Amino acid sequence: MEVRELADIAIDEDPRAPCLWVPSELWPAFCQAIGQRPNLIGAVIYRNKTVREGAPLTDITTERP
């Protein structure tokens, strides 16, 4: 499964969460998949969520890693 699909699943499972965390090893692939680069604070906006780079070897989650 692609990183973008995994992010979509996490958002669908917790639609009220304001933020999504993507593991650092998947972060470049995620940014490329959605066609965005991180802003000055290192976040991108995807499906009205703030998406940030999380800790390595973690799950894609709506909770802080």
# chains A, B, ... in the order shown; residues from 1 in each chain; ligands from 1
call {"tool": "closest_atom_pairs", "arguments": {"of": "region 33-56 of chain A", "to": "region 12-23 of chain A", "cutoff": "8 Å", "atoms": "only C-alpha atoms", "output": "Markdown table"}}
result
| residue | atom | partner | partner_atom | distance |
| --- | --- | --- | --- | --- |
| A:Lys49 | CA | A:Cys19 | CA | 5.5 |
| A:Thr50 | CA | A:Cys19 | CA | 4.8 |
| A:Val51 | CA | A:Leu20 | CA | 4.7 |
| A:Arg52 | CA | A:Trp21 | CA | 5.0 |
| A:Glu53 | CA | A:Val22 | CA | 5.1 |
| A:Gly54 | CA | A:Pro23 | CA | 4.6 |
| A:Ala55 | CA | A:Pro23 | CA | 5.5 |
| A:Pro56 | CA | A:Pro23 | CA | 5.2 |
call {"tool": "select_by_dssp", "arguments": {"residues": "chain A", "states": "alpha helix (DSSP H)", "output": "count of residues only"}}
result
19
call {"tool": "residues_around", "arguments": {"residues": "Glu2 (chain A)", "least_positions_apart": "3", "cutoff": "9 Å", "atoms": "only C-alpha atoms", "output": "list in words"}}
result
Glu5, Leu6, Ala7, Ala29, Phe30 and Ala33 of chain A
call {"tool": "select_by_dssp", "arguments": {"residues": "region 4-65 of chain A", "states": "strand (DSSP E)", "output": "list in words"}}
result
Cys19, Leu20, Trp21, Val22, Pro23, Ala43, Val44, Ile45, Tyr46, Lys49, Thr50, Val51, Arg52, Glu53 and Gly54 of chain A
call {"tool": "write_last_selection", "arguments": {"atoms": "N, CA, C and O atoms", "output": "PDB file, in the first residue's frame"}}
result
ATOM      1  N   CYS A  19      -4.286  16.864  13.392  1.00  0.00           N
ATOM      2  CA  CYS A  19      -2.938  16.659  12.866  1.00  0.00           C
ATOM      3  C   CYS A  19      -2.705  15.183  12.545  1.00  0.00           C
ATOM      4  O   CYS A  19      -3.309  14.295  13.128  1.00  0.00           O
ATOM      5  N   LEU A  20      -1.825  14.964  11.586  1.00  0.00           N
ATOM      6  CA  LEU A  20      -1.434  13.616  11.191  1.00  0.00           C
ATOM      7  C   LEU A  20       0.087  13.562  11.203  1.00  0.00           C
ATOM      8  O   LEU A  20       0.755  14.504  10.775  1.00  0.00           O
ATOM      9  N   TRP A  21       0.641  12.459  11.703  1.00  0.00           N
ATOM     10  CA  TRP A  21       2.085  12.275  11.769  1.00  0.00           C
ATOM     11  C   TRP A  21       2.487  11.145  10.826  1.00  0.00           C
ATOM     12  O   TRP A  21       1.929  10.059  10.889  1.00  0.00           O
ATOM     13  N   VAL A  22       3.465  11.412   9.967  1.00  0.00           N
ATOM     14  CA  VAL A  22       3.978  10.427   9.013  1.00  0.00           C
ATOM     15  C   VAL A  22       5.411  10.099   9.419  1.00  0.00           C
ATOM     16  O   VAL A  22       6.210  11.013   9.647  1.00  0.00           O
ATOM     17  N   PRO A  23       5.774   8.819   9.517  1.00  0.00           N
ATOM     18  CA  PRO A  23       7.140   8.457   9.919  1.00  0.00           C
ATOM     19  C   PRO A  23       8.186   9.105   9.008  1.00  0.00           C
ATOM     20  O   PRO A  23       7.960   9.273   7.801  1.00  0.00           O
ATOM     21  N   ALA A  43       5.593  21.456   7.975  1.00  0.00           N
ATOM     22  CA  ALA A  43       4.293  20.808   7.835  1.00  0.00           C
ATOM     23  C   ALA A  43       3.742  21.013   6.427  1.00  0.00           C
ATOM     24  O   ALA A  43       4.118  21.950   5.722  1.00  0.00           O
ATOM     25  N   VAL A  44       2.850  20.121   6.032  1.00  0.00           N
ATOM     26  CA  VAL A  44       2.073  20.280   4.804  1.00  0.00           C
ATOM     27  C   VAL A  44       0.601  20.166   5.186  1.00  0.00           C
ATOM     28  O   VAL A  44       0.259  19.626   6.238  1.00  0.00           O
ATOM     29  N   ILE A  45      -0.258  20.673   4.341  1.00  0.00           N
ATOM     30  CA  ILE A  45      -1.697  20.554   4.550  1.00  0.00           C
ATOM     31  C   ILE A  45      -2.215  19.543   3.535  1.00  0.00           C
ATOM     32  O   ILE A  45      -1.968  19.664   2.341  1.00  0.00           O
ATOM     33  N   TYR A  46      -2.919  18.546   4.034  1.00  0.00           N
ATOM     34  CA  TYR A  46      -3.487  17.505   3.179  1.00  0.00           C
ATOM     35  C   TYR A  46      -4.858  17.140   3.728  1.00  0.00           C
ATOM     36  O   TYR A  46      -4.976  16.808   4.916  1.00  0.00           O
ATOM     37  N   LYS A  49      -5.882  18.747   6.958  1.00  0.00           N
ATOM     38  CA  LYS A  49      -5.129  18.347   8.153  1.00  0.00           C
ATOM     39  C   LYS A  49      -3.715  18.901   8.050  1.00  0.00           C
ATOM     40  O   LYS A  49      -3.136  18.970   6.972  1.00  0.00           O
ATOM     41  N   THR A  50      -3.160  19.250   9.183  1.00  0.00           N
ATOM     42  CA  THR A  50      -1.745  19.563   9.255  1.00  0.00           C
ATOM     43  C   THR A  50      -1.012  18.234   9.347  1.00  0.00           C
ATOM     44  O   THR A  50      -1.305  17.425  10.221  1.00  0.00           O
ATOM     45  N   VAL A  51      -0.088  18.010   8.437  1.00  0.00           N
ATOM     46  CA  VAL A  51       0.659  16.751   8.417  1.00  0.00           C
ATOM     47  C   VAL A  51       2.114  17.072   8.696  1.00  0.00           C
ATOM     48  O   VAL A  51       2.704  17.951   8.060  1.00  0.00           O
ATOM     49  N   ARG A  52       2.687  16.364   9.678  1.00  0.00           N
ATOM     50  CA  ARG A  52       4.060  16.609  10.096  1.00  0.00           C
ATOM     51  C   ARG A  52       4.876  15.337  10.013  1.00  0.00           C
ATOM     52  O   ARG A  52       4.342  14.231  10.019  1.00  0.00           O
ATOM     53  N   GLU A  53       6.180  15.507   9.978  1.00  0.00           N
ATOM     54  CA  GLU A  53       7.100  14.371   9.994  1.00  0.00           C
ATOM     55  C   GLU A  53       7.212  13.854  11.422  1.00  0.00           C
ATOM     56  O   GLU A  53       7.486  14.602  12.353  1.00  0.00           O
ATOM     57  N   GLY A  54       6.989  12.559  11.583  1.00  0.00           N
ATOM     58  CA  GLY A  54       7.056  11.939  12.900  1.00  0.00           C
ATOM     59  C   GLY A  54       8.383  11.250  13.142  1.00  0.00           C
ATOM     60  O   GLY A  54       9.322  11.356  12.354  1.00  0.00           O
TER      61      GLY A  54
END
call {"tool": "closest_residue", "arguments": {"among": "A:Cys31, A:Leu40, A:Val3, A:Leu26", "to": "Leu57 (chain A)", "atoms": "only C-alpha atoms"}}
result
A:Leu26
call {"tool": "atom_distance", "arguments": {"atom1": "CA of Gly42 (chain A)", "atom2": "CA of Trp27 (chain A)"}}
result
10.5 Å
call {"tool": "atom_distance", "arguments": {"atom1": "CA of Thr58 (chain A)", "atom2": "CA of Ser24 (chain A)"}}
result
8.4 Å
call {"tool": "atom_distance", "arguments": {"atom1": "CA of Asp8 (chain A)", "atom2": "CA of Asn48 (chain A)"}}
result
11.6 Å
call {"tool": "decode", "arguments": {"residues": "region 6-34 of chain A", "atoms": "C-alpha atoms", "output": "compact mmCIF listing (two decimals), in the first residue's frame"}}
result
# COMPACT_ATOMS: atom_id res chain seq x y z
CA LEU A 6 -2.13 4.86 4.46
CA ALA A 7 -2.52 8.55 5.30
CA ASP A 8 -6.04 8.53 3.84
CA ILE A 9 -6.96 5.54 6.00
CA ALA A 10 -5.61 7.25 9.15
CA ILE A 11 -7.58 10.42 8.35
CA ASP A 12 -10.76 8.44 7.67
CA GLU A 13 -10.38 6.54 10.96
CA ASP A 14 -10.04 9.75 13.01
CA PRO A 15 -11.61 12.57 10.96
CA ARG A 16 -11.77 15.02 13.87
CA ALA A 17 -8.04 14.90 14.64
CA PRO A 18 -6.33 18.18 13.72
CA CYS A 19 -2.94 16.66 12.87
CA LEU A 20 -1.43 13.62 11.19
CA TRP A 21 2.09 12.27 11.77
CA VAL A 22 3.98 10.43 9.01
CA PRO A 23 7.14 8.46 9.92
CA SER A 24 10.35 10.17 8.85
CA GLU A 25 11.33 7.36 6.48
CA LEU A 26 8.04 7.81 4.57
CA TRP A 27 7.96 11.62 4.75
CA PRO A 28 9.74 12.36 1.43
CA ALA A 29 7.55 9.85 -0.43
CA PHE A 30 4.40 11.32 1.14
CA CYS A 31 5.33 14.88 0.17
CA GLN A 32 6.11 13.73 -3.37
CA ALA A 33 2.84 11.77 -3.59
CA ILE A 34 0.74 14.82 -2.69
